[in-house]
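Comments concern the structure below.
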Amino acid sequence: MTTTSATPRLAVRHLTKRFGALIANDDVSLTIAPGELHCLLGENGAGKSTFSACLYGLLQPEAGEIEIDGVTAELTSPAKAIASGIGMVHQHFVLVPSFTVLENIVVGTGSGLRLDMTAARGRILDLSRQFGLEIAPDRLVADLSVGEKQWVEIVKALYLGARLLILDEPTAVLTPQESERLFAIIQQLKASGIAVILISHKMNEVMRSDRVSVLRKGRLVGTVTTKDVTRDDLTMMMVGRPVAQVHARSKPGAGETALSFTGVSLAKGGRTHLKNVTLDLAAGEIIGIAGVAGNGQDELLEAVAGLVRPDSGSIHLRGEDIGALSVHDIARRGVGYVPSDRFRDGLVSDFSIAENLILGQHWDERWRSGPFLDETATRRSAEQAIASYSVMASGPDMLCGRLSGGNAQKVILAREFAKARHLLLCNQPTRGVDIGVIEFVHGELLRKREEGCAILLVSEELEDIFALSDRIAVMFRGEILGIFPRHEADIARIGPLMAGHAHGAAA
Ligand SMILES: Nc1ncnc2c1ncn2[C@@H]1O[C@H](COP(=O)(O)OP(=O)(O)OP(=O)(O)O)[C@@H](O)[C@H]1O
Ligand SMILES: [Mg+2]
């Protein structure tokens with residue numbers, strides 16, 4: 001059959017997907033044209049990932065029809081979805097680290113032993129060139145940056161013949177520079193007629209699409225043409241109320257020193273992660289660490305949490321040298337730690353919400369009744385956390401692996417914010433959470449600060465850093481290149497430092 005521009009690339013009609021009593025996608029219908037960039041927008045748990053998983057054959061909807069280029073598609077497995085021209089880049093990469101880029105792209109392409117590697121290499125290079133992806137076929141995937149892995153995933157989808165590409169929160173793990181690259185690549189894809197479904201919580205990205213479909217509690221609220229709407233219109237459609245971005249805050253109090261780094265250095269794997277870091281953080285103060293990911297921010301927080309040991313220098317928590325203390329001993333002193341990778345370091349997928357909320361704190365007397373865990377107390381506290389963080393869950397017993405991405409993040413925030421009596425180490429707290437939850441998290445961070453908690457905040461989102469910090473420190477290659485009171489910091493001042501240009505760095 002012939003494909004005219006009037007035939008949608010994708011037509012979904014009346015798609016319904018249930019998990020038990022929960023309707024994750026409720027009678028969703030939409031169309032996407034060839035070359036269209038279509039965003040899916042919605043609160044955490046609205047059903048975006050579920051919708052994508054149905055399109056990619058990972059989940060089977062109970063009802064609905066899917067057509068690709070006018071042909072009904074039976075999407076009962078990813079292999080069928082690929083054969084129908086659908087590609088997907090997963091949020092958690094599925095590449096094999098010990099294989100080369102070329103091997104990763106051709107594995108499972110079904111050509112068996114007859115695969116012509118020379119021809120495959122040629123096609124991969126052609127595709128990379130055509131779409132501006134710059135990938136080296138012989139490099140090991142293990143050696144690639146997060147962004148480079150994503151380009152490989154995209155080339156793989158194109159190699160397999162994708163005419164519709166689904167990207168589920170691709171930029172959550174990319175640096176701002178890599179995100180820009182991704183949008184340039186998307187432009188190339190569009191120009192060659194490939195349709196793209198993009199899921200993102202970042203409004204500035206959503207505003208770059210052609211059309212937006214908004215989901216709320218599994219239902220399609222509507223599909224709009226992006227240039228006809230404002231961000232506020234979209235927020236209203238998604239949350240049902242306007243979201244304030246600014247919180248009132250008091251002047252920073254001159255609290256006692258809560259945390260101090262003195263000449264802290266750390267090198268591992270032949271790289272310098274921390275270089276002579278000296279920094280004091282007061283009780284009731286928020287210091288925001290600005291920097292491109294991978295410049296020592298993770299290690300700075302890990303060193304305080306006791307996960308890595310510096311090679312030299314010392315770290316004091318409220319006057320006590322914590323250099324020899326274990327992770328648990330540090331946590332017991334009232335330190336909360338929100339890690340950047342929620343499922344690697346923060347949550348156990350096979351544990352319930354209630355269990356995850358007390359993870360690492362079973363020693364706490366709040367959860368004990370004699371030598372035993374007090375289940376009534378843990379359940380009650382889990383119910384409270386679910387309510388105050390609006391976690392979309394069936395209850396305290398729900399396994400964390402079944403939560404949507406943003407709702408899983410809320411569980412970590414609830415646990416660590418509660419633990420942080422004196423110090424909160426926060427790495428990318430708003431990653432993957434919707435706009436309403438960002439507002440809530442900002443409010444909670446400022447409330448902790450009012451209570452006298454010291455907060456060390458790492459975020460790739462400069463909006464977080466500017467909205468919350470009392471002082472802003474810029475890290476580059478493990479070194480603090482400058483530290484400024486917030487009113488003296490603007491992007492013109494900290495931008496060059498983030499790129500390593502240290503001219504005029506303040507003390
Ligand atoms: N395997 C599962 N079992 C039970 N419930 C599930 C399962 N997978 C998803 N859900 C539920 O379906 C709903 C929709 O989840 P989904 O992951 O599609 O949300 P989302 O819109 O992608 O959210 P986020 O922005 O947080 O990623 C959530 O309430 C989630 O808990
Ligand atoms: Mg999701």
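Simple scheme: letters A, B, ... for chains in structure tokens order, numbers from 1 for residues in each chain, numbers from 1 for ligands in the order shown.
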
- Task: Could you give me the residues within region 230-309 of chain A that DSSP places in strand (DSSP E or B), as a VMD selection string?
- Result: chain A and resid 257 to 268 271 to 282 286 to 290

Taking N, CA and C atoms for each residue, export the selection above as an mmCIF file, in the first residue's frame.
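Dumped everything to result_39.cif:
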```
data_model
loop_
_atom_site.group_PDB
_atom_site.id
_atom_site.type_symbol
_atom_site.label_atom_id
_atom_site.label_comp_id
_atom_site.auth_asym_id
_atom_site.auth_seq_id
_atom_site.Cartn_x
_atom_site.Cartn_y
_atom_site.Cartn_z
ATOM 1 N N THR A 257 28.548 25.641 62.355
ATOM 2 C CA THR A 257 29.037 24.829 61.250
ATOM 3 C C THR A 257 28.517 23.409 61.407
ATOM 4 N N ALA A 258 27.837 22.933 60.366
ATOM 5 C CA ALA A 258 27.293 21.578 60.424
ATOM 6 C C ALA A 258 28.267 20.604 59.780
ATOM 7 N N LEU A 259 28.880 21.036 58.698
ATOM 8 C CA LEU A 259 29.735 20.141 57.928
ATOM 9 C C LEU A 259 30.947 20.926 57.450
ATOM 10 N N SER A 260 32.126 20.354 57.595
ATOM 11 C CA SER A 260 33.267 21.032 56.979
ATOM 12 C C SER A 260 34.213 20.047 56.309
ATOM 13 N N PHE A 261 34.620 20.451 55.127
ATOM 14 C CA PHE A 261 35.633 19.721 54.365
ATOM 15 C C PHE A 261 36.932 20.491 54.515
ATOM 16 N N THR A 262 38.018 19.779 54.809
ATOM 17 C CA THR A 262 39.320 20.443 54.871
ATOM 18 C C THR A 262 40.305 19.693 53.980
ATOM 19 N N GLY A 263 40.670 20.316 52.888
ATOM 20 C CA GLY A 263 41.675 19.745 51.983
ATOM 21 C C GLY A 263 41.379 18.332 51.524
ATOM 22 N N VAL A 264 40.119 18.064 51.171
ATOM 23 C CA VAL A 264 39.734 16.691 50.819
ATOM 24 C C VAL A 264 40.080 16.371 49.361
ATOM 25 N N SER A 265 40.843 15.298 49.183
ATOM 26 C CA SER A 265 41.204 14.852 47.841
ATOM 27 C C SER A 265 40.897 13.379 47.685
ATOM 28 N N LEU A 266 40.544 13.020 46.451
ATOM 29 C CA LEU A 266 40.222 11.621 46.176
ATOM 30 C C LEU A 266 40.532 11.327 44.716
ATOM 31 N N ALA A 267 41.268 10.253 44.498
ATOM 32 C CA ALA A 267 41.524 9.804 43.127
ATOM 33 C C ALA A 267 41.204 8.331 43.076
ATOM 34 N N LYS A 268 40.571 7.908 41.992
ATOM 35 C CA LYS A 268 40.414 6.466 41.804
ATOM 36 C C LYS A 268 40.334 6.180 40.313
ATOM 37 N N ARG A 271 41.744 8.714 37.916
ATOM 38 C CA ARG A 271 41.125 10.033 37.730
ATOM 39 C C ARG A 271 41.031 10.774 39.049
ATOM 40 N N THR A 272 41.147 12.085 38.974
ATOM 41 C CA THR A 272 40.984 12.912 40.160
ATOM 42 C C THR A 272 39.500 13.206 40.327
ATOM 43 N N HIS A 273 38.927 12.814 41.457
ATOM 44 C CA HIS A 273 37.507 13.092 41.686
ATOM 45 C C HIS A 273 37.301 14.287 42.594
ATOM 46 N N LEU A 274 38.184 14.397 43.623
ATOM 47 C CA LEU A 274 38.111 15.553 44.504
ATOM 48 C C LEU A 274 39.525 16.097 44.653
ATOM 49 N N LYS A 275 39.630 17.412 44.545
ATOM 50 C CA LYS A 275 40.949 18.006 44.586
ATOM 51 C C LYS A 275 40.963 19.114 45.629
ATOM 52 N N ASN A 276 41.538 18.797 46.772
ATOM 53 C CA ASN A 276 41.759 19.800 47.810
ATOM 54 C C ASN A 276 40.506 20.623 48.122
ATOM 55 N N VAL A 277 39.398 19.926 48.383
ATOM 56 C CA VAL A 277 38.134 20.631 48.644
ATOM 57 C C VAL A 277 38.088 21.119 50.087
ATOM 58 N N THR A 278 37.893 22.420 50.234
ATOM 59 C CA THR A 278 37.722 23.009 51.558
ATOM 60 C C THR A 278 36.437 23.818 51.522
ATOM 61 N N LEU A 279 35.518 23.505 52.416
ATOM 62 C CA LEU A 279 34.194 24.120 52.344
ATOM 63 C C LEU A 279 33.507 23.957 53.693
ATOM 64 N N ASP A 280 32.830 25.009 54.163
ATOM 65 C CA ASP A 280 32.041 24.930 55.393
ATOM 66 C C ASP A 280 30.574 25.135 55.065
ATOM 67 N N LEU A 281 29.732 24.334 55.690
ATOM 68 C CA LEU A 281 28.291 24.454 55.498
ATOM 69 C C LEU A 281 27.664 24.649 56.871
ATOM 70 N N ALA A 282 26.851 25.712 56.999
ATOM 71 C CA ALA A 282 26.261 26.010 58.306
ATOM 72 C C ALA A 282 24.909 25.328 58.475
ATOM 73 N N ILE A 286 21.717 26.251 52.712
ATOM 74 C CA ILE A 286 21.744 25.378 51.538
ATOM 75 C C ILE A 286 22.889 25.822 50.636
ATOM 76 N N ILE A 287 23.836 24.913 50.395
ATOM 77 C CA ILE A 287 24.851 25.190 49.376
ATOM 78 C C ILE A 287 24.517 24.348 48.158
ATOM 79 N N GLY A 288 24.373 25.026 47.032
ATOM 80 C CA GLY A 288 24.102 24.330 45.776
ATOM 81 C C GLY A 288 25.409 24.134 45.029
ATOM 82 N N ILE A 289 25.613 22.919 44.533
ATOM 83 C CA ILE A 289 26.820 22.641 43.758
ATOM 84 C C ILE A 289 26.434 22.647 42.290
ATOM 85 N N ALA A 290 26.956 23.622 41.565
ATOM 86 C CA ALA A 290 26.687 23.680 40.129
ATOM 87 C C ALA A 290 27.866 23.053 39.417
#
```

- Message: List the spatial neighbours of region 158-161 of chain A as a list in words - criterion: any atom at most 8 Å away, only C-alpha atoms, same-chain residues fewer than 3 positions off excluded.
- Response: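 Once the nearby chain positions are removed, what remains is Ile82, Ala83, Gly85, Ile86, Gly87, Ile105, Thr109, Arg123, Ile124, Leu127, Ile154 and Val155 of chain A.
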
Keeping only N, CA, C and O atoms, write the selected residues to a file as a short mmCIF file (atom, residue, chain, number, x, y, z; two decimals), in the first residue's frame.
```cif
data_model
loop_
_atom_site.label_atom_id
_atom_site.label_comp_id
_atom_site.auth_asym_id
_atom_site.auth_seq_id
_atom_site.Cartn_x
_atom_site.Cartn_y
_atom_site.Cartn_z
N ILE A 82 9.39 -4.01 16.55
CA ILE A 82 10.53 -3.62 15.71
C ILE A 82 10.21 -3.92 14.25
O ILE A 82 10.42 -3.09 13.36
N ALA A 83 9.65 -5.10 14.00
CA ALA A 83 9.31 -5.47 12.63
C ALA A 83 8.27 -4.52 12.05
O ALA A 83 8.22 -4.30 10.84
N GLY A 85 8.29 -1.38 12.64
CA GLY A 85 8.90 -0.06 12.45
C GLY A 85 8.90 0.81 13.70
O GLY A 85 9.04 2.03 13.62
N ILE A 86 8.75 0.19 14.87
CA ILE A 86 8.78 0.98 16.11
C ILE A 86 10.10 0.74 16.84
O ILE A 86 10.53 -0.41 17.00
N GLY A 87 10.74 1.81 17.24
CA GLY A 87 12.00 1.70 17.99
C GLY A 87 11.82 2.38 19.33
O GLY A 87 10.98 3.27 19.49
N ILE A 105 24.86 -3.31 18.22
CA ILE A 105 23.82 -2.92 17.27
C ILE A 105 23.33 -4.13 16.47
O ILE A 105 22.15 -4.26 16.22
N THR A 109 19.76 -9.19 15.44
CA THR A 109 19.10 -8.69 14.23
C THR A 109 18.62 -9.85 13.37
O THR A 109 18.06 -9.65 12.32
N ARG A 123 26.70 0.42 7.02
CA ARG A 123 25.37 1.01 7.22
C ARG A 123 25.32 1.83 8.50
O ARG A 123 24.70 2.89 8.55
N ILE A 124 25.98 1.33 9.54
CA ILE A 124 25.99 2.06 10.81
C ILE A 124 26.67 3.41 10.64
O ILE A 124 26.17 4.44 11.10
N LEU A 127 24.37 5.72 8.75
CA LEU A 127 23.28 6.25 9.59
C LEU A 127 23.80 7.31 10.55
O LEU A 127 23.17 8.35 10.74
N ILE A 154 19.95 4.89 19.71
CA ILE A 154 19.19 5.49 18.62
C ILE A 154 19.62 4.89 17.28
O ILE A 154 18.79 4.50 16.45
N VAL A 155 20.95 4.76 17.08
CA VAL A 155 21.43 4.16 15.83
C VAL A 155 20.91 2.73 15.69
O VAL A 155 20.51 2.29 14.62
#
```

- Identify, counting only C-alpha atoms and all ligand atoms, the protein, DNA and RNA residues located within 8 Å of ligand 2, and give them as a ChimeraX atom specification. /A:44-45,47-50,168-169,199,404-406

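Within 8 Å of Ala63 (chain A), once only C-alpha atoms are used and residues closer than 4 positions along the same chain are dropped, the contacting residues are His14, Leu15, Thr16 and Lys17 of chain A.
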
Keeping only N, CA and C atoms, take the residues you just selected and write them out as a PDB file, in the first residue's frame.
```pdb
ATOM      1  N   HIS A  14      -8.476   3.721  21.330  1.00  0.00           N
ATOM      2  CA  HIS A  14      -9.131   3.123  22.512  1.00  0.00           C
ATOM      3  C   HIS A  14      -8.241   2.147  23.260  1.00  0.00           C
ATOM      4  N   LEU A  15      -7.006   2.546  23.487  1.00  0.00           N
ATOM      5  CA  LEU A  15      -6.083   1.655  24.193  1.00  0.00           C
ATOM      6  C   LEU A  15      -6.339   1.674  25.703  1.00  0.00           C
ATOM      7  N   THR A  16      -6.530   0.500  26.272  1.00  0.00           N
ATOM      8  CA  THR A  16      -6.751   0.369  27.716  1.00  0.00           C
ATOM      9  C   THR A  16      -5.802  -0.677  28.278  1.00  0.00           C
ATOM     10  N   LYS A  17      -5.110  -0.293  29.342  1.00  0.00           N
ATOM     11  CA  LYS A  17      -4.195  -1.230  30.010  1.00  0.00           C
ATOM     12  C   LYS A  17      -4.432  -1.169  31.520  1.00  0.00           C
TER      13      LYS A  17
END
```

- Message: Applying 8 Å and only C-alpha atoms, which residues near Met238 (chain A) remain after dropping the ones on its own chain fewer than 5 positions away? List them as JSON, numbers by chain.
- Response: {"A": [41, 42, 43, 214, 215, 216, 221]}

For the residues selected in the previous step, produce a file with N, CA, C and O atoms as a PDB file, in the first residue's frame.
```
ATOM      1  N   LEU A  41       2.932  14.163  28.066  1.00  0.00           N
ATOM      2  CA  LEU A  41       3.127  14.924  29.289  1.00  0.00           C
ATOM      3  C   LEU A  41       2.111  14.443  30.315  1.00  0.00           C
ATOM      4  O   LEU A  41       0.982  14.119  29.981  1.00  0.00           O
ATOM      5  N   GLY A  42       2.526  14.407  31.563  1.00  0.00           N
ATOM      6  CA  GLY A  42       1.587  14.016  32.612  1.00  0.00           C
ATOM      7  C   GLY A  42       2.325  13.858  33.919  1.00  0.00           C
ATOM      8  O   GLY A  42       3.545  13.682  33.943  1.00  0.00           O
ATOM      9  N   GLU A  43       1.568  13.900  35.001  1.00  0.00           N
ATOM     10  CA  GLU A  43       2.157  13.757  36.323  1.00  0.00           C
ATOM     11  C   GLU A  43       2.773  12.381  36.490  1.00  0.00           C
ATOM     12  O   GLU A  43       2.491  11.462  35.722  1.00  0.00           O
ATOM     13  N   VAL A 214      -1.614  15.182  26.663  1.00  0.00           N
ATOM     14  CA  VAL A 214      -1.529  15.233  28.116  1.00  0.00           C
ATOM     15  C   VAL A 214      -2.346  14.096  28.717  1.00  0.00           C
ATOM     16  O   VAL A 214      -3.522  13.928  28.388  1.00  0.00           O
ATOM     17  N   LEU A 215      -1.702  13.322  29.574  1.00  0.00           N
ATOM     18  CA  LEU A 215      -2.383  12.230  30.269  1.00  0.00           C
ATOM     19  C   LEU A 215      -2.587  12.612  31.726  1.00  0.00           C
ATOM     20  O   LEU A 215      -1.729  13.255  32.329  1.00  0.00           O
ATOM     21  N   ARG A 216      -3.731  12.226  32.252  1.00  0.00           N
ATOM     22  CA  ARG A 216      -3.981  12.442  33.677  1.00  0.00           C
ATOM     23  C   ARG A 216      -4.677  11.204  34.210  1.00  0.00           C
ATOM     24  O   ARG A 216      -5.714  10.827  33.705  1.00  0.00           O
ATOM     25  N   VAL A 221      -6.235  13.753  28.480  1.00  0.00           N
ATOM     26  CA  VAL A 221      -6.951  15.013  28.716  1.00  0.00           C
ATOM     27  C   VAL A 221      -7.158  15.722  27.389  1.00  0.00           C
ATOM     28  O   VAL A 221      -8.179  16.355  27.146  1.00  0.00           O
TER      29      VAL A 221
END
```

Applying 12 Å and only C-alpha atoms, which residues near Glu134 (chain A) remain after dropping the ones on its own chain fewer than 6 positions away? List them as an mmCIF file with all heavy atoms, in the first residue's frame.
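Produced file part01.cif, reproduced below:
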```
data_model
loop_
_atom_site.group_PDB
_atom_site.id
_atom_site.type_symbol
_atom_site.label_atom_id
_atom_site.label_comp_id
_atom_site.auth_asym_id
_atom_site.auth_seq_id
_atom_site.Cartn_x
_atom_site.Cartn_y
_atom_site.Cartn_z
ATOM 1 N N VAL A 101 30.291 -1.318 20.162
ATOM 2 C CA VAL A 101 29.115 -0.634 19.629
ATOM 3 C C VAL A 101 28.529 -1.442 18.474
ATOM 4 O O VAL A 101 27.323 -1.726 18.437
ATOM 5 C CB VAL A 101 29.531 0.782 19.162
ATOM 6 C CG1 VAL A 101 28.438 1.420 18.323
ATOM 7 C CG2 VAL A 101 29.880 1.647 20.372
ATOM 8 N N ILE A 124 25.983 1.333 9.536
ATOM 9 C CA ILE A 124 25.985 2.064 10.812
ATOM 10 C C ILE A 124 26.672 3.412 10.640
ATOM 11 O O ILE A 124 26.170 4.442 11.104
ATOM 12 C CB ILE A 124 26.666 1.211 11.899
ATOM 13 C CG1 ILE A 124 25.751 0.036 12.259
ATOM 14 C CG2 ILE A 124 26.984 2.049 13.135
ATOM 15 C CD1 ILE A 124 26.432 -1.065 13.042
ATOM 16 N N LEU A 125 27.800 3.395 9.921
ATOM 17 C CA LEU A 125 28.506 4.666 9.707
ATOM 18 C C LEU A 125 27.654 5.623 8.875
ATOM 19 O O LEU A 125 27.614 6.823 9.144
ATOM 20 C CB LEU A 125 29.861 4.413 9.049
ATOM 21 C CG LEU A 125 30.897 3.775 10.004
ATOM 22 C CD1 LEU A 125 32.160 3.381 9.256
ATOM 23 C CD2 LEU A 125 31.235 4.711 11.168
ATOM 24 N N ASP A 126 26.955 5.066 7.858
ATOM 25 C CA ASP A 126 26.075 5.918 7.041
ATOM 26 C C ASP A 126 24.982 6.555 7.901
ATOM 27 O O ASP A 126 24.719 7.752 7.792
ATOM 28 C CB ASP A 126 25.380 5.077 5.952
ATOM 29 C CG ASP A 126 26.327 4.779 4.806
ATOM 30 O OD1 ASP A 126 27.413 5.396 4.765
ATOM 31 O OD2 ASP A 126 25.983 3.902 3.979
ATOM 32 N N LEU A 127 24.368 5.723 8.746
ATOM 33 C CA LEU A 127 23.282 6.246 9.588
ATOM 34 C C LEU A 127 23.801 7.309 10.546
ATOM 35 O O LEU A 127 23.173 8.351 10.737
ATOM 36 C CB LEU A 127 22.642 5.103 10.398
ATOM 37 C CG LEU A 127 21.733 4.155 9.615
ATOM 38 C CD1 LEU A 127 21.413 2.925 10.463
ATOM 39 C CD2 LEU A 127 20.446 4.865 9.199
ATOM 40 N N SER A 128 24.957 7.037 11.161
ATOM 41 C CA SER A 128 25.493 8.014 12.104
ATOM 42 C C SER A 128 25.760 9.334 11.393
ATOM 43 O O SER A 128 25.474 10.395 11.923
ATOM 44 C CB SER A 128 26.805 7.555 12.743
ATOM 45 O OG SER A 128 26.885 6.190 12.797
ATOM 46 N N GLY A 147 25.587 9.826 27.396
ATOM 47 C CA GLY A 147 25.068 10.392 26.143
ATOM 48 C C GLY A 147 25.423 9.510 24.956
ATOM 49 O O GLY A 147 24.568 9.194 24.122
ATOM 50 N N GLU A 148 26.688 9.069 24.897
ATOM 51 C CA GLU A 148 27.119 8.233 23.774
ATOM 52 C C GLU A 148 26.337 6.919 23.712
ATOM 53 O O GLU A 148 26.011 6.430 22.632
ATOM 54 C CB GLU A 148 28.625 7.953 23.867
ATOM 55 C CG GLU A 148 29.475 9.182 23.578
ATOM 56 C CD GLU A 148 30.942 9.011 23.939
ATOM 57 O OE1 GLU A 148 31.247 8.356 24.965
ATOM 58 O OE2 GLU A 148 31.791 9.535 23.205
ATOM 59 N N LYS A 149 26.013 6.373 24.897
ATOM 60 C CA LYS A 149 25.208 5.143 24.901
ATOM 61 C C LYS A 149 23.838 5.416 24.296
ATOM 62 O O LYS A 149 23.274 4.583 23.576
ATOM 63 C CB LYS A 149 25.020 4.630 26.335
ATOM 64 C CG LYS A 149 26.243 3.957 26.881
ATOM 65 C CD LYS A 149 25.953 3.399 28.262
ATOM 66 C CE LYS A 149 27.261 3.132 28.974
ATOM 67 N NZ LYS A 149 27.169 3.084 30.406
ATOM 68 N N GLN A 150 23.320 6.591 24.598
ATOM 69 C CA GLN A 150 22.012 6.897 24.040
ATOM 70 C C GLN A 150 22.071 7.021 22.521
ATOM 71 O O GLN A 150 21.174 6.572 21.819
ATOM 72 C CB GLN A 150 21.497 8.190 24.659
ATOM 73 C CG GLN A 150 19.998 8.222 24.674
ATOM 74 C CD GLN A 150 19.486 9.328 25.552
ATOM 75 O OE1 GLN A 150 19.405 10.463 25.126
ATOM 76 N NE2 GLN A 150 19.148 9.014 26.776
ATOM 77 N N TRP A 151 23.167 7.591 22.003
ATOM 78 C CA TRP A 151 23.272 7.682 20.539
ATOM 79 C C TRP A 151 23.335 6.269 19.934
ATOM 80 O O TRP A 151 22.766 6.010 18.896
ATOM 81 C CB TRP A 151 24.491 8.495 20.074
ATOM 82 C CG TRP A 151 24.799 9.804 20.765
ATOM 83 C CD1 TRP A 151 26.044 10.365 20.898
ATOM 84 C CD2 TRP A 151 23.907 10.741 21.378
ATOM 85 N NE1 TRP A 151 25.964 11.558 21.567
ATOM 86 C CE2 TRP A 151 24.670 11.815 21.887
ATOM 87 C CE3 TRP A 151 22.522 10.772 21.576
ATOM 88 C CZ2 TRP A 151 24.107 12.894 22.556
ATOM 89 C CZ3 TRP A 151 21.958 11.853 22.257
ATOM 90 C CH2 TRP A 151 22.742 12.893 22.732
ATOM 91 N N VAL A 152 24.032 5.368 20.629
ATOM 92 C CA VAL A 152 24.105 3.992 20.122
ATOM 93 C C VAL A 152 22.708 3.371 20.089
ATOM 94 O O VAL A 152 22.317 2.720 19.119
ATOM 95 C CB VAL A 152 25.059 3.121 20.977
ATOM 96 C CG1 VAL A 152 25.005 1.658 20.529
ATOM 97 C CG2 VAL A 152 26.491 3.641 20.869
ATOM 98 N N ILE A 154 19.953 4.886 19.711
ATOM 99 C CA ILE A 154 19.188 5.492 18.616
ATOM 100 C C ILE A 154 19.620 4.886 17.281
ATOM 101 O O ILE A 154 18.788 4.498 16.453
ATOM 102 C CB ILE A 154 19.347 7.040 18.612
ATOM 103 C CG1 ILE A 154 18.696 7.624 19.873
ATOM 104 C CG2 ILE A 154 18.721 7.635 17.358
ATOM 105 C CD1 ILE A 154 18.923 9.120 20.063
ATOM 106 N N VAL A 155 20.948 4.760 17.079
ATOM 107 C CA VAL A 155 21.426 4.162 15.829
ATOM 108 C C VAL A 155 20.912 2.735 15.693
ATOM 109 O O VAL A 155 20.510 2.295 14.620
ATOM 110 C CB VAL A 155 22.976 4.181 15.754
ATOM 111 C CG1 VAL A 155 23.458 3.395 14.546
ATOM 112 C CG2 VAL A 155 23.483 5.601 15.662
ATOM 113 N N ARG A 181 22.354 18.295 21.967
ATOM 114 C CA ARG A 181 22.724 17.384 20.873
ATOM 115 C C ARG A 181 21.533 16.517 20.490
ATOM 116 O O ARG A 181 21.245 16.310 19.320
ATOM 117 C CB ARG A 181 23.870 16.454 21.307
ATOM 118 C CG ARG A 181 25.257 17.044 21.271
ATOM 119 C CD ARG A 181 25.794 17.265 19.870
ATOM 120 N NE ARG A 181 25.680 16.099 18.977
ATOM 121 C CZ ARG A 181 26.506 15.062 18.984
ATOM 122 N NH1 ARG A 181 27.508 15.032 19.819
ATOM 123 N NH2 ARG A 181 26.330 14.071 18.139
ATOM 124 N N LEU A 182 20.844 16.002 21.507
ATOM 125 C CA LEU A 182 19.700 15.127 21.237
ATOM 126 C C LEU A 182 18.651 15.868 20.412
ATOM 127 O O LEU A 182 18.095 15.322 19.455
ATOM 128 C CB LEU A 182 19.093 14.607 22.539
ATOM 129 C CG LEU A 182 17.843 13.744 22.351
ATOM 130 C CD1 LEU A 182 18.169 12.451 21.609
ATOM 131 C CD2 LEU A 182 17.198 13.420 23.690
ATOM 132 N N ILE A 185 19.681 16.006 16.899
ATOM 133 C CA ILE A 185 19.474 14.695 16.260
ATOM 134 C C ILE A 185 17.990 14.509 15.920
ATOM 135 O O ILE A 185 17.635 14.059 14.832
ATOM 136 C CB ILE A 185 19.983 13.569 17.191
ATOM 137 C CG1 ILE A 185 21.505 13.651 17.322
ATOM 138 C CG2 ILE A 185 19.559 12.194 16.677
ATOM 139 C CD1 ILE A 185 22.073 12.859 18.511
#
```

- Residues within 7 Å of Gly306 (chain A), only C-alpha atoms, excluding chain neighbours under 3 positions, as an MDAnalysis selection string: chainID A and resid 302:303 309 325:327 330

Hey, can you spit out that residue selection with C-alpha atoms as a PDB file, in the first residue's frame?
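Result saved to selection.pdb:
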```pdb
ATOM      1  CA  GLU A 302      29.568   9.944  48.752  1.00  0.00           C
ATOM      2  CA  ALA A 303      32.567  10.974  50.840  1.00  0.00           C
ATOM      3  CA  ARG A 309      37.097   7.294  51.671  1.00  0.00           C
ATOM      4  CA  LEU A 325      32.778   5.999  60.608  1.00  0.00           C
ATOM      5  CA  SER A 326      30.689   3.495  58.667  1.00  0.00           C
ATOM      6  CA  VAL A 327      27.805   4.422  56.389  1.00  0.00           C
ATOM      7  CA  ILE A 330      27.042   8.446  59.713  1.00  0.00           C
TER       8      ILE A 330
END
```

- For region 430-434 of chain A, list every protein, DNA or RNA residue within 10 Å, evaluated using only C-alpha atoms, and leave out those in the same chain fewer than 4 positions away; present the list as a ChimeraX atom specification. /A:41-45,169,171-173,200-203,235,238-239,340-342,404-410,413,426,438-442,459-461,464
